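**Q** This is the content of run-v9.txt (compact mmCIF, C-alpha atoms):
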# COMPACT_ATOMS: atom_id res chain seq x y z
CA MET A 1 -22.36 -9.36 22.54
CA THR A 2 -24.10 -8.10 19.44
CA VAL A 3 -21.83 -7.73 16.44
CA LEU A 4 -22.79 -4.06 16.08
CA ASP A 5 -22.11 -3.18 19.71
CA HIS A 6 -19.11 -1.15 20.90
CA THR A 7 -17.75 -4.31 22.50
CA PHE A 8 -17.02 -5.57 18.99
CA LEU A 9 -14.54 -2.73 18.57
CA VAL A 10 -12.81 -3.64 21.84
CA THR A 11 -12.57 -7.29 20.78
CA ALA A 12 -11.27 -6.41 17.31
CA GLN A 13 -8.61 -4.00 18.57
CA ASP A 14 -7.44 -6.50 21.17
CA PHE A 15 -7.26 -9.24 18.51
CA PHE A 16 -5.25 -7.16 16.05
CA GLY A 17 -3.07 -5.76 18.83
CA GLN A 18 -2.09 -9.29 19.82
CA LEU A 19 -1.61 -10.24 16.18
CA SER A 20 0.77 -7.29 15.66
CA ARG A 21 2.98 -8.76 18.39
CA ASN A 22 2.66 -12.37 17.19
CA ASN A 23 2.33 -12.17 13.43
CA ASP A 24 2.97 -15.78 12.52
CA ARG A 25 1.03 -18.86 11.45
CA ASP A 26 1.15 -20.55 14.85
CA TRP A 27 -0.55 -17.64 16.62
CA TRP A 28 -3.10 -17.28 13.83
CA GLN A 29 -4.02 -20.95 13.90
CA ALA A 30 -4.40 -20.87 17.68
CA ASN A 31 -6.58 -17.73 17.62
CA ARG A 32 -8.37 -17.79 14.29
CA GLY A 33 -11.52 -18.98 16.01
CA THR A 34 -11.98 -15.40 17.25
CA TYR A 35 -11.61 -14.10 13.70
CA ASP A 36 -14.01 -16.68 12.25
CA SER A 37 -16.68 -16.46 14.95
CA VAL A 38 -16.52 -12.79 15.98
CA ILE A 39 -14.40 -10.51 13.76
CA LYS A 40 -15.58 -11.61 10.32
CA PRO A 41 -19.30 -11.90 11.23
CA GLY A 42 -19.12 -8.48 12.89
CA ALA A 43 -17.48 -6.93 9.83
CA ASP A 44 -20.02 -8.57 7.52
CA ALA A 45 -22.84 -7.16 9.66
CA ILE A 46 -21.37 -3.66 9.49
CA LEU A 47 -21.05 -3.94 5.70
CA THR A 48 -24.59 -5.27 5.32
CA THR A 49 -26.07 -2.58 7.56
CA LEU A 50 -24.31 0.34 5.90
CA THR A 51 -24.54 -0.68 2.24
CA PRO A 52 -28.17 0.45 1.69
CA ARG A 53 -27.59 3.56 3.81
CA PHE A 54 -24.64 4.64 1.67
CA ALA A 55 -26.56 3.83 -1.51
CA ASP A 56 -29.41 6.10 -0.34
CA LEU A 57 -26.98 8.83 0.73
CA LEU A 58 -25.12 8.90 -2.58
CA GLY A 59 -27.98 7.97 -4.89
CA GLU A 60 -25.76 5.31 -6.45
CA GLU A 61 -25.42 1.52 -6.31
CA VAL A 62 -22.76 0.57 -3.79
CA THR A 63 -20.86 -2.74 -3.53
CA PRO A 64 -19.36 -3.77 -0.16
CA LYS A 65 -16.08 -5.61 0.33
CA LEU A 66 -14.27 -7.02 3.35
CA PHE A 67 -10.54 -7.27 2.68
CA ARG A 68 -8.92 -10.65 3.34
CA PRO A 69 -6.71 -10.99 6.41
CA TYR A 70 -3.83 -12.48 4.44
CA ARG A 71 -1.02 -10.28 3.10
CA ASP A 72 0.45 -10.72 -0.38
CA THR A 73 4.13 -11.05 0.47
CA ARG A 74 5.42 -12.02 -2.96
CA PHE A 75 6.89 -8.61 -3.79
CA SER A 76 7.34 -7.23 -0.28
CA LYS A 77 10.36 -7.20 2.01
CA ASP A 78 7.92 -7.53 4.90
CA LYS A 79 7.07 -11.24 5.03
CA THR A 80 4.64 -11.14 7.95
CA PRO A 81 1.70 -13.20 6.70
CA TYR A 82 -1.33 -11.38 8.17
CA LYS A 83 -2.77 -7.88 8.04
CA GLU A 84 -2.76 -6.21 11.44
CA HIS A 85 -6.01 -4.35 10.83
CA LEU A 86 -9.57 -4.86 9.64
CA HIS A 87 -10.45 -2.91 6.49
CA MET A 88 -13.69 -2.77 4.56
CA ARG A 89 -15.01 -0.56 1.76
CA TRP A 90 -18.10 0.44 -0.15
CA GLN A 91 -17.38 1.00 -3.85
CA VAL A 92 -19.67 3.13 -5.99
CA GLN A 93 -20.64 1.32 -9.17
CA GLY A 94 -20.20 2.93 -12.58
CA GLY A 95 -17.63 5.48 -13.59
CA ARG A 96 -14.24 4.96 -15.14
CA ASP A 97 -12.25 4.75 -11.90
CA PRO A 98 -13.62 3.24 -8.66
CA VAL A 99 -14.85 5.73 -6.08
CA ALA A 100 -15.05 4.25 -2.60
CA LEU A 101 -15.66 4.85 1.09
CA PHE A 102 -13.75 2.83 3.67
CA PHE A 103 -13.69 1.97 7.35
CA GLY A 104 -10.77 0.44 9.19
CA ILE A 105 -10.07 -0.82 12.71
CA GLU A 106 -6.42 -0.87 13.81
CA PRO A 107 -4.97 -1.82 17.21
CA THR A 108 -4.79 1.79 18.43
CA ARG A 109 -7.09 3.78 16.17
CA VAL A 110 -10.17 3.71 13.96
CA ARG A 111 -10.23 5.43 10.56
CA VAL A 112 -12.72 6.36 7.87
CA GLY A 113 -12.14 7.92 4.48
CA GLY A 114 -12.33 7.41 0.76
CA GLY A 115 -11.91 8.87 -2.70
CA ILE A 116 -10.15 7.43 -5.74
CA MET A 117 -6.87 5.55 -5.38
CA GLY A 118 -4.81 5.89 -8.55
CA LEU A 119 -6.51 8.10 -11.12
CA GLY A 120 -6.39 6.58 -14.59
CA LYS A 121 -5.10 8.88 -17.32
CA PRO A 122 -8.53 10.01 -18.66
CA VAL A 123 -9.89 10.64 -15.15
CA LEU A 124 -6.65 12.33 -14.09
CA GLU A 125 -6.96 14.72 -17.03
CA ASP A 126 -10.58 15.47 -16.12
CA TRP A 127 -9.67 15.97 -12.44
CA ARG A 128 -7.12 18.59 -13.48
CA LYS A 129 -9.72 20.28 -15.70
CA PHE A 130 -12.14 20.41 -12.76
CA VAL A 131 -9.45 21.99 -10.58
CA ASP A 132 -8.41 24.45 -13.29
CA LEU A 133 -11.78 25.51 -14.67
CA ASP A 134 -13.97 25.21 -11.55
CA GLY A 135 -11.31 25.95 -8.97
CA PRO A 136 -13.33 27.95 -6.40
CA ARG A 137 -16.00 25.25 -6.12
CA VAL A 138 -13.46 22.42 -5.90
CA MET A 139 -11.37 24.29 -3.33
CA LYS A 140 -14.48 25.00 -1.26
CA ILE A 141 -15.32 21.28 -1.18
CA VAL A 142 -11.74 20.40 -0.21
CA GLU A 143 -11.73 23.00 2.56
CA GLN A 144 -15.10 21.78 3.84
CA VAL A 145 -13.83 18.21 4.06
CA GLU A 146 -10.60 19.31 5.76
CA GLN A 147 -12.54 21.37 8.29
CA SER A 148 -14.37 18.15 9.21
CA GLY A 149 -11.01 16.65 10.20
CA PHE A 150 -10.11 14.73 7.04
CA VAL A 151 -6.50 14.79 5.86
CA PHE A 152 -5.57 14.26 2.21
CA PHE A 153 -2.72 12.02 1.12
CA GLU A 154 0.33 14.02 0.13
CA PRO A 155 0.48 14.91 -3.60
CA ASP A 156 2.37 12.45 -5.79
CA LEU A 157 4.15 15.10 -7.86
CA LEU A 158 6.71 17.59 -6.61
CA ARG A 159 5.74 20.18 -9.23
CA VAL A 160 2.55 21.32 -10.91
CA PRO A 161 2.15 19.34 -14.16
CA ARG A 162 3.15 20.91 -17.46
CA GLY A 163 0.55 23.25 -18.91
CA TYR A 164 -0.45 24.84 -15.59
CA ALA A 165 1.02 27.92 -13.93
CA PRO A 166 3.57 27.06 -11.22
CA ASP A 167 1.66 29.29 -8.79
CA HIS A 168 -1.76 27.91 -9.74
CA PRO A 169 -4.12 28.35 -6.72
CA GLY A 170 -5.06 24.68 -7.02
CA GLY A 171 -1.46 23.55 -7.34
CA ARG A 172 -1.66 21.06 -4.48
CA LEU A 173 -4.65 19.36 -6.08
CA LEU A 174 -3.10 19.39 -9.55
CA ARG A 175 -0.12 17.48 -8.17
CA MET A 176 -2.33 14.65 -6.93
CA LYS A 177 -2.58 11.37 -8.83
CA SER A 178 -4.79 9.85 -6.13
CA VAL A 179 -7.50 11.79 -4.32
CA ILE A 180 -7.81 10.14 -0.92
CA ALA A 181 -8.59 11.66 2.47
CA THR A 182 -8.91 9.97 5.85
CA ARG A 183 -9.57 10.85 9.47
CA ASP A 184 -9.42 9.11 12.81
CA VAL A 185 -12.75 8.74 14.57
CA THR A 186 -13.89 8.00 18.08
CA LEU A 187 -16.74 5.53 18.32
CA PRO A 188 -18.84 6.43 21.40
CA PRO A 189 -19.77 3.45 23.63
CA ASP A 190 -23.45 4.43 23.49
CA GLN A 191 -23.60 4.47 19.68
CA THR A 192 -23.57 1.51 17.30
CA ILE A 193 -20.58 1.21 15.02
CA PRO A 194 -22.64 1.61 11.82
CA ASP A 195 -24.26 4.79 13.14
CA ALA A 196 -20.90 6.29 14.12
CA VAL A 197 -19.27 5.39 10.81
CA PHE A 198 -22.22 6.70 8.82
CA ALA A 199 -22.18 10.00 10.72
CA ALA A 200 -18.45 10.46 10.10
CA LEU A 201 -18.64 9.60 6.41
CA THR A 202 -21.70 11.80 5.85
CA GLN A 203 -19.31 14.73 6.43
CA PHE A 204 -17.21 13.28 3.61
CA ARG A 205 -20.04 13.24 1.10
CA PRO A 206 -19.15 16.49 -0.75
CA LEU A 207 -15.81 15.03 -1.86
CA ILE A 208 -17.35 11.70 -2.85
CA ASP A 209 -20.00 13.51 -4.92
CA LEU A 210 -17.23 15.48 -6.63
CA MET A 211 -15.17 12.35 -7.37
CA ILE A 212 -18.24 10.59 -8.77
CA SER A 213 -18.71 13.56 -11.10
CA VAL A 214 -15.07 13.40 -12.20
CA SER A 215 -15.13 9.62 -12.71
CA CYS A 216 -18.37 9.80 -14.72
CA ALA A 217 -17.48 12.92 -16.73
So, in terms of structure tokens, how does the structure I just supplied come out?

**A**
Amino acid sequence: MTVLDHTFLVTAQDFFGQLSRNNDRDWWQANRGTYDSVIKPGADAILTTLTPRFADLLGEEVTPKLFRPYRDTRFSKDKTPYKEHLHMRWQVQGGRDPVALFFGIEPTRVRVGGGIMGLGKPVLEDWRKFVDLDGPRVMKIVEQVEQSGFVFFEPDLLRVPRGYAPDHPGGRLLRMKSVIATRDVTLPPDQTIPDAVFAALTQFRPLIDLMISVSCA
């Protein structure tokens, strides 16, 4: 099995599916050989393969990251020790808030997406200015991304922030404090995982370009 082959996806989903039913240290210790010898090397290969491709696509330096399998349970009621998914990201360097693309494998689905999680106050103010002053262009980008199957996280605020008309045409966007959209993807057996992920996230580029502009404004 090559680490970029579709069989890697099957192995990863089976591994995390079993982990979701046996999320404890004993199971992990008995099965971590699969993580160490197959899952992590495969994820590292995907990250390494896609990093220069995303850098060329966006025209920006991109830093890859594979998220650790261990959960931080200190402040959570859920004390299960391990993450039941494989998540990785490519973060665009520069800007005031981190703009990123991500790819995740879960037991029953595969997702891609990105944006900015948690807009800092200066970037949040600029995001709202973009929506208010350049609304048609921003709305066109949002609609284009949604037509490609991406779904935005629900807005954080119940009402349009003070200073904007309650019926503002960009009200949904003004109520966001994170700008994140994701979509499920199907990875064809005859296509490598990097190629499939790159194709899906290429459709996401207009939003990433917009968020880079907002973060660097």

**Q** Pick out the residues sitting within 8 Å of stretch 46-57 of chain A, and hand them over as a PyMOL selection string; count all atoms listed in the file, and ignore anything fewer than 2 positions along from it in its own chain.

**A** chain A and resi 4+42-44+59-66+88-90+193-194+198+202

**Q** Around the point (-20.4, 6.6, -9.3) (coordinates from the file), which residues reach within 7 Å if we count only C-alpha atoms? Answer as number ranges by chain.

**A** A: 60, 92-95, 99, 212, 215-216

**Q** Which distance in Å separates atom CA of A:Pro122 and atom CA of A:Lys177, to one decimal?

**A**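 Pair atom CA of A:Pro122 / atom CA of A:Lys177 returns 11.6 Å.
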
**Q** Env of A:Tyr35: 10 Å cut, atoms = only C-alpha atoms, seq-sep filter 5 positions within chain, self excluded. Answer as an MDAnalysis selection string.

**A** chainID A and resid 11:12 15:16 28 40:42 69

**Q** Any chance you could export the current selection's C-alpha atoms as a compact mmCIF listing (two decimals), in the frame of the given file?

**A**
# COMPACT_ATOMS: atom_id res chain seq x y z
CA THR A 11 -12.57 -7.29 20.78
CA ALA A 12 -11.27 -6.41 17.31
CA PHE A 15 -7.26 -9.24 18.51
CA PHE A 16 -5.25 -7.16 16.05
CA TRP A 28 -3.10 -17.28 13.83
CA LYS A 40 -15.58 -11.61 10.32
CA PRO A 41 -19.30 -11.90 11.23
CA GLY A 42 -19.12 -8.48 12.89
CA PRO A 69 -6.71 -10.99 6.41

**Q** For each of A:Arg137, A:His168, A:Arg32, A:Arg175, take the minimum atom-to-atom distance to A:Pro155, counting only C-alpha atoms, then give the residue where this is smallest.

**A**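 Comparing A:Arg137, A:His168, A:Arg32, A:Arg175 against A:Pro155, the winner is A:Arg175.
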
**Q** Have a look at A:Leu173, A:Ile116, A:Asp132, A:Thr192 and name the one nearest to A:Leu101; count all atoms listed in the file.

**A** A:Ile116

**Q** Choose the residue, out of A:Ser76, A:Asn23, A:Gly120, A:Gly33, that has the smallest atom-to-atom separation from A:Val179; count all atoms listed in the file.

**A** A:Gly120

**Q** Figure out the distance between atom CA of A:Gly104 and atom CA of A:Asp78, please, to one decimal in Å.

**A**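 Separation of atom CA of A:Asp78 and atom CA of A:Gly104: 20.8 Å.
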
**Q** For A:Val142, which residue out of A:Gln203, A:Gln13, A:Gln18, A:Asn31 is the nearest one, using all atoms listed in the file?

**A**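 Closest residue, counting all atoms listed in the file: A:Gln203.
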